[in-house]
Structures are given as structure tokens and as C-alpha cells.
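Engineer: Take a look at this one; I'll ask things after.
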Amino acid sequence: MKDIADELGVSVSTVSLVLNDRDRGRVRRDVADRVRARASELGYVPNLLARGLKTRRSHTIGLVADRVATVPFAGHMLAGAQSAAWEEGYLLMVIDTGGNRELDLPAAQSLLQRDIEALVVAADFHREVVVPPVPRSVPAVVLDGWPSDPGHADAVVPDEVSGAHAATAHLIAAGHRRIGLVNVSGETYVASRLRQRGYETAHADAGMEVDPGLTFTVPDPSTHAAIPVAFDVLRSARRPTAIFCFSDQIALAFAQVAAILGVRIPDDLSLVGFDNQQFVADAMMPGLTTVQLPHFEMGEWAARRAVARIKGTETGPTAVERIACGLVERDSVAPPA
């Protein structure tokens, strides 16, 4: 400030007023413009840490991510949170624990030591999340999960039921009555139960019975795990005319096996996935009709909810927000042969 004051022939207090945006009505506009121009040329930026000591506001949101930064399609959650935080005038500070949940607490503490005003905890998939302890003055939001202590944090999750309902209803509208469901077994994925509920509800809404013989399970959502099941299903004499898969990677397994067996998609078999995973759904031939997981929108909601809590514009009890999962139509669905 002294350098600029000496160079422009003004007082240090004048420069201070301008650089702290307190010059209106106190400093002539042409002088203020000269000060700002010279400060910009010198690469000056205000020290927000120093300013935060006075205002007790860091305008920073901390985010602890569980492998979100390394999972391709889930990275959209970070993009959504960063975009919304930036628009609200906040910086997003991210620590990715790489899947080591023992690091959640030290990661959160490290962020708190840097005066974050809110904490977002992002899960690698839809599940229950243990939120690290934070002071009551620091709002917490769970992204893609729900807190183990419901009153401790807000949360945002995908509406898995409505997404599965939309996928199944799309196949029913195309004329299919024998629709298979390829789900994931075990208790790891709460989404498997929710997507099955959507599949069953769509049948009920259409006045159709669910055939238990058309529900199949695989050990995990990967392509490799689904291939043996795909061979069994597509070789069956009671092969369904359409299949709704828990994930796009499972759908890819069915598409690969169908090609080996000479089953044409969508002429002989309609196929729908879930995730709209980049480099899978839009890279298949034909393109895969699937359900979009709203990662970007969930990230946006989490950041905006955190800011609303910080500013006090949201003071109600903690809540779980469900974001709709939209159907993405491509070329893998046709009327049954």
C-alpha cells in the first residue's frame, strides 16, 4: 500500500480504503480507478486469512471425500459443489481420503484448523455415513448418503426408486411384459433394494405382476462379475424380452454376451442400465438407454445447503433431500420382437 501511495501521490489510508472496497463517497472515482489498476498490475490480492481474523469469516467450505475424486462419474459431485460454492462467494477445500475411513476424522480436523465454516462429507456411493464430530457452529452436510446420526447433518441422495421406476416404465411403454431385473446381491448397496422397489412399483402401476423368475443377482456392479449370469439368462428358453440392469457396467456385460450369442440389441433384446457412466453408456453400440445419477445436482445442493446454514437463511431441522434421476434415452430399447 505504501508503494502505491508513494507512486500515485496519495495517502496510505486512501489506498487502504480502495483495496478494502470502502472508497465510495470517500475517494474520487478517478483516484480509486488508478489505485485499483496499479494494484492489479502489481498482482495484489487481499489476504483473506488476515481479513478472516478480523471478520471471523473464512468463506471456505471443507469437503472430505471418500474416493470421490478418483471415481470417474462421481467426480461430478465435486464439480457441482465447487460451482455452487463459487457462485455463493465461497471456496471449496477438498481432502480425499482414498477410501481409508480412518482418515475421516483427521481430515475433518485438518479442515477445521483452517477455519472452514461448514463441512461436507461425500461418500463414494449411496450409503450410511458416520459424520466426524464438528462444533455445533459448523454445519455439516452428507453428500450421496445419510448420516448415522439423523439430527447431526443435512443430507442429499439420488432418488433411486423413481429412477428405477422410470427405466421399467419406459420398457413397459415399449410393449414389454417379460422384463428382467439384474440386481446386486448382499447388503452393501442400499441402492439395490431401492431400485428393486422402483422396478416392482412400475409393474404394479401398469397392472402387471412381477415374475420372480425374472430377477437375477450378481455379486457386484462390475462387468466381469455379470458375465456368467448374462450367459445363463440369455441362453435360457425363458429369456426375457427386456432387461433392466443395476448398473451400466452390468448392462455392458449383457451387451457383450448378447453379441457372442447372436442376440441383437434392441431387435431381440431391449436393455436399460443405471448410472449414465461416461465412456460406457454413450460408447456402446447401440447407445445404452440408462438412468442419470444426479451427481452434479447433488453436489450443488450440498454446497448451497451448507451456505444457507452458515448465513442462517435455513434454520429448520436437518433433512434428507432426494434428487430425481432422469431417464437418458438412446438406442437400446425397441418393442419386443
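Residue numbers start at 1 in each chain; chains themselves are named A, B, ... in the order of the C-alpha cells; ligands are numbered from 1 in the order shown.
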Please identify which residues in range 14-198 of chain A DSSP calls helix (DSSP H, G or I) from the backbone, and express them as a PyMOL selection string.
Structural biologist: chain A and resi 14-19+29-41+48-55+68-70+75-87+101-112+160-173+190-198
Engineer: Tell me, counting only C-alpha atoms, for each residue of range 174-253 of chain A within 12 Å of range 158-169 of chain A, which pair of atoms is nearest and how far apart they are in Å to one decimal, in rows ordered by chain and increasing number, as a Markdown table.
Structural biologist:
```
| residue | atom | partner | partner_atom | distance |
| --- | --- | --- | --- | --- |
| A:Ala174 | CA | A:Ala169 | CA | 8.6 |
| A:Gly175 | CA | A:Ala169 | CA | 9.9 |
| A:His176 | CA | A:Thr168 | CA | 9.4 |
| A:Arg177 | CA | A:Thr168 | CA | 10.3 |
| A:Arg178 | CA | A:Thr168 | CA | 10.9 |
| A:Ile179 | CA | A:Thr168 | CA | 7.8 |
| A:Gly180 | CA | A:Thr168 | CA | 9.5 |
| A:Leu181 | CA | A:Thr168 | CA | 9.2 |
| A:Val182 | CA | A:Ala164 | CA | 11.8 |
| A:Asn183 | CA | A:Ala164 | CA | 11.3 |
| A:Tyr189 | CA | A:Glu160 | CA | 11.4 |
| A:Val190 | CA | A:Glu160 | CA | 9.4 |
| A:Ala191 | CA | A:Glu160 | CA | 6.3 |
| A:Ser192 | CA | A:Glu160 | CA | 8.7 |
| A:Arg193 | CA | A:Val161 | CA | 8.8 |
| A:Leu194 | CA | A:Val161 | CA | 5.1 |
| A:Arg195 | CA | A:Ala164 | CA | 5.0 |
| A:Gln196 | CA | A:Ala164 | CA | 7.3 |
| A:Arg197 | CA | A:Val161 | CA | 6.1 |
| A:Gly198 | CA | A:His165 | CA | 4.2 |
| A:Tyr199 | CA | A:His165 | CA | 5.3 |
| A:Glu200 | CA | A:His165 | CA | 7.8 |
| A:Thr201 | CA | A:His165 | CA | 6.6 |
| A:Ala202 | CA | A:His165 | CA | 5.1 |
| A:His203 | CA | A:Ala169 | CA | 7.6 |
| A:Ala204 | CA | A:Ala169 | CA | 10.3 |
| A:Asp205 | CA | A:Ala169 | CA | 8.8 |
| A:Ala206 | CA | A:Ala169 | CA | 8.0 |
| A:Gly207 | CA | A:Ala169 | CA | 11.5 |
| A:Met208 | CA | A:Ala169 | CA | 11.1 |
| A:Val210 | CA | A:Thr168 | CA | 11.5 |
| A:Ala242 | CA | A:Thr168 | CA | 9.4 |
| A:Ile243 | CA | A:Thr168 | CA | 8.9 |
| A:Phe244 | CA | A:Thr168 | CA | 6.9 |
| A:Cys245 | CA | A:Ala164 | CA | 9.4 |
| A:Phe246 | CA | A:Ala164 | CA | 8.7 |
| A:Ser247 | CA | A:Ala164 | CA | 10.9 |
```
Engineer: Since we have the selection now, will you write its residues out, keeping C-alpha atoms, as a PDB file, in the first residue's frame?
Structural biologist:
```
ATOM      1  CA  ALA A 174     -42.372 -50.005 -25.390  1.00  0.00           C
ATOM      2  CA  GLY A 175     -44.609 -53.081 -25.083  1.00  0.00           C
ATOM      3  CA  HIS A 176     -42.505 -55.394 -22.940  1.00  0.00           C
ATOM      4  CA  ARG A 177     -44.196 -57.712 -20.443  1.00  0.00           C
ATOM      5  CA  ARG A 178     -41.290 -60.022 -19.582  1.00  0.00           C
ATOM      6  CA  ILE A 179     -38.793 -57.575 -18.082  1.00  0.00           C
ATOM      7  CA  GLY A 180     -35.802 -58.979 -16.254  1.00  0.00           C
ATOM      8  CA  LEU A 181     -34.073 -57.244 -13.351  1.00  0.00           C
ATOM      9  CA  VAL A 182     -30.351 -57.846 -12.842  1.00  0.00           C
ATOM     10  CA  ASN A 183     -29.594 -56.630  -9.332  1.00  0.00           C
ATOM     11  CA  TYR A 189     -25.623 -51.367  -1.717  1.00  0.00           C
ATOM     12  CA  VAL A 190     -28.804 -49.813  -0.360  1.00  0.00           C
ATOM     13  CA  ALA A 191     -29.487 -48.787  -3.960  1.00  0.00           C
ATOM     14  CA  SER A 192     -30.174 -52.416  -4.872  1.00  0.00           C
ATOM     15  CA  ARG A 193     -33.230 -52.512  -2.594  1.00  0.00           C
ATOM     16  CA  LEU A 194     -34.446 -49.100  -3.717  1.00  0.00           C
ATOM     17  CA  ARG A 195     -34.064 -49.854  -7.418  1.00  0.00           C
ATOM     18  CA  GLN A 196     -35.901 -53.148  -6.987  1.00  0.00           C
ATOM     19  CA  ARG A 197     -38.715 -51.230  -5.311  1.00  0.00           C
ATOM     20  CA  GLY A 198     -38.932 -48.895  -8.304  1.00  0.00           C
ATOM     21  CA  TYR A 199     -38.964 -51.876 -10.669  1.00  0.00           C
ATOM     22  CA  GLU A 200     -41.795 -53.515  -8.709  1.00  0.00           C
ATOM     23  CA  THR A 201     -43.789 -50.283  -8.345  1.00  0.00           C
ATOM     24  CA  ALA A 202     -43.676 -49.672 -12.105  1.00  0.00           C
ATOM     25  CA  HIS A 203     -45.129 -53.147 -12.655  1.00  0.00           C
ATOM     26  CA  ALA A 204     -47.886 -52.506 -10.108  1.00  0.00           C
ATOM     27  CA  ASP A 205     -48.729 -49.126 -11.639  1.00  0.00           C
ATOM     28  CA  ALA A 206     -49.132 -50.833 -15.016  1.00  0.00           C
ATOM     29  CA  GLY A 207     -51.345 -53.557 -13.529  1.00  0.00           C
ATOM     30  CA  MET A 208     -48.653 -56.196 -14.078  1.00  0.00           C
ATOM     31  CA  VAL A 210     -43.680 -59.250 -11.124  1.00  0.00           C
ATOM     32  CA  ALA A 242     -36.044 -56.719 -21.945  1.00  0.00           C
ATOM     33  CA  ILE A 243     -33.572 -56.349 -19.083  1.00  0.00           C
ATOM     34  CA  PHE A 244     -33.131 -53.545 -16.574  1.00  0.00           C
ATOM     35  CA  CYS A 245     -29.640 -53.629 -15.049  1.00  0.00           C
ATOM     36  CA  PHE A 246     -28.470 -52.256 -11.706  1.00  0.00           C
ATOM     37  CA  SER A 247     -25.529 -50.536 -13.434  1.00  0.00           C
TER      38      SER A 247
END
```
Engineer: Which of these residues is nearest to Arg238 in chain A, using only C-alpha atoms: A:Ala255, A:Ala122, A:Gly213, A:His170?
Structural biologist: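 Nearest to Arg238 in chain A: A:Gly213.
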Engineer: Using only C-alpha atoms for the distances, tell me which of A:Leu214, A:Ala337, A:Val131, A:Val257 is nearest to Arg235 in chain A.
Structural biologist: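 Ranking A:Leu214, A:Ala337, A:Val131, A:Val257 by distance to Arg235 in chain A, first place goes to A:Val257.
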Engineer: How many Å separate CA of Ile116 in chain A from CA of Ser40 in chain A?
Structural biologist: 27.7 Å
Engineer: May I ask for the distance between CA of Leu288 in chain A and CA of Asp331 in chain A, given in Å to one decimal place?
Structural biologist: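 Straight-line distance from CA of Leu288 in chain A to CA of Asp331 in chain A works out to 6.2 Å.
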Engineer: I'd like the interatomic distance between CA of Ala225 in chain A and CA of Ala259 in chain A, to a tenth of an Å.
Structural biologist: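 Taking CA of Ala225 in chain A as the start and CA of Ala259 in chain A as the end point, the length is 17.5 Å.
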Engineer: Would you give me, as CSV, each residue of range 57-81 of chain A having an atom within 12 Å of an atom of range 85-92 of chain A, along with its shortest atom pair and that distance in Å to one decimal, using only C-alpha atoms and sorting by chain and residue number?
Structural biologist:
```
residue,atom,partner,partner_atom,distance
A:Arg57,CA,A:Tyr90,CA,10.4
A:Ser58,CA,A:Tyr90,CA,8.4
A:His59,CA,A:Tyr90,CA,4.8
A:Thr60,CA,A:Leu91,CA,4.7
A:Ile61,CA,A:Leu92,CA,5.0
A:Gly62,CA,A:Leu92,CA,5.9
A:Leu63,CA,A:Leu92,CA,6.9
A:Val64,CA,A:Leu92,CA,10.4
A:Ala65,CA,A:Leu92,CA,11.9
A:Leu78,CA,A:Leu92,CA,9.0
A:Ala79,CA,A:Ala85,CA,9.9
A:Gly80,CA,A:Ala85,CA,8.5
A:Ala81,CA,A:Ala85,CA,6.0
```
Engineer: Go ahead and write the residues just picked, N, CA and C atoms, as a PDB file, in the first residue's frame.
Structural biologist:
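To be explicit, this is the file written out as selection.pdb:
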```
ATOM      1  N   ARG A  57     -14.724 -14.739   9.501  1.00  0.00           N
ATOM      2  CA  ARG A  57     -15.359 -15.422   8.372  1.00  0.00           C
ATOM      3  C   ARG A  57     -14.273 -15.816   7.380  1.00  0.00           C
ATOM      4  N   SER A  58     -14.187 -17.102   7.061  1.00  0.00           N
ATOM      5  CA  SER A  58     -13.183 -17.559   6.101  1.00  0.00           C
ATOM      6  C   SER A  58     -13.766 -17.733   4.701  1.00  0.00           C
ATOM      7  N   HIS A  59     -15.107 -17.775   4.589  1.00  0.00           N
ATOM      8  CA  HIS A  59     -15.775 -18.037   3.320  1.00  0.00           C
ATOM      9  C   HIS A  59     -15.212 -19.292   2.652  1.00  0.00           C
ATOM     10  N   THR A  60     -15.008 -20.324   3.463  1.00  0.00           N
ATOM     11  CA  THR A  60     -14.467 -21.591   2.975  1.00  0.00           C
ATOM     12  C   THR A  60     -15.320 -22.744   3.488  1.00  0.00           C
ATOM     13  N   ILE A  61     -15.665 -23.661   2.585  1.00  0.00           N
ATOM     14  CA  ILE A  61     -16.377 -24.887   2.930  1.00  0.00           C
ATOM     15  C   ILE A  61     -15.402 -26.048   2.776  1.00  0.00           C
ATOM     16  N   GLY A  62     -15.318 -26.883   3.784  1.00  0.00           N
ATOM     17  CA  GLY A  62     -14.458 -28.062   3.712  1.00  0.00           C
ATOM     18  C   GLY A  62     -15.239 -29.260   3.193  1.00  0.00           C
ATOM     19  N   LEU A  63     -14.588 -30.087   2.391  1.00  0.00           N
ATOM     20  CA  LEU A  63     -15.229 -31.301   1.881  1.00  0.00           C
ATOM     21  C   LEU A  63     -14.285 -32.483   2.056  1.00  0.00           C
ATOM     22  N   VAL A  64     -14.742 -33.490   2.799  1.00  0.00           N
ATOM     23  CA  VAL A  64     -13.996 -34.739   2.951  1.00  0.00           C
ATOM     24  C   VAL A  64     -14.614 -35.745   1.990  1.00  0.00           C
ATOM     25  N   ALA A  65     -13.813 -36.241   1.051  1.00  0.00           N
ATOM     26  CA  ALA A  65     -14.315 -37.140   0.015  1.00  0.00           C
ATOM     27  C   ALA A  65     -13.755 -38.544   0.225  1.00  0.00           C
ATOM     28  N   LEU A  78     -18.101 -33.260  -7.031  1.00  0.00           N
ATOM     29  CA  LEU A  78     -17.162 -32.205  -6.653  1.00  0.00           C
ATOM     30  C   LEU A  78     -17.350 -30.979  -7.541  1.00  0.00           C
ATOM     31  N   ALA A  79     -17.569 -31.226  -8.830  1.00  0.00           N
ATOM     32  CA  ALA A  79     -17.766 -30.112  -9.746  1.00  0.00           C
ATOM     33  C   ALA A  79     -19.015 -29.324  -9.376  1.00  0.00           C
ATOM     34  N   GLY A  80     -20.098 -30.029  -9.031  1.00  0.00           N
ATOM     35  CA  GLY A  80     -21.328 -29.341  -8.641  1.00  0.00           C
ATOM     36  C   GLY A  80     -21.161 -28.545  -7.370  1.00  0.00           C
ATOM     37  N   ALA A  81     -20.494 -29.149  -6.377  1.00  0.00           N
ATOM     38  CA  ALA A  81     -20.274 -28.454  -5.105  1.00  0.00           C
ATOM     39  C   ALA A  81     -19.379 -27.239  -5.294  1.00  0.00           C
TER      40      ALA A  81
END
```
Engineer: Show me, as a list of chain:residue names, the residues that have an atom within 9 Å of Val134 in chain A when counting only C-alpha atoms, minus same-chain residues fewer than 3 positions from it.
Structural biologist: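 So, after excluding close chain neighbours, the residues are A:Ala108, A:Gln109, A:Leu112, A:Leu119, A:Val131, A:Ser137, A:Val138, A:Pro139, A:Ala140.
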Engineer: Mind the document's chain letters and residue numbers, and return as an MDAnalysis selection string the residues of range 39-276 of chain A that DSSP labels strand (DSSP E or B).
Structural biologist: chainID A and resid 60:65 91:96 118:129 140:147 154:158 179:184 215:218 242:245 270:272 275
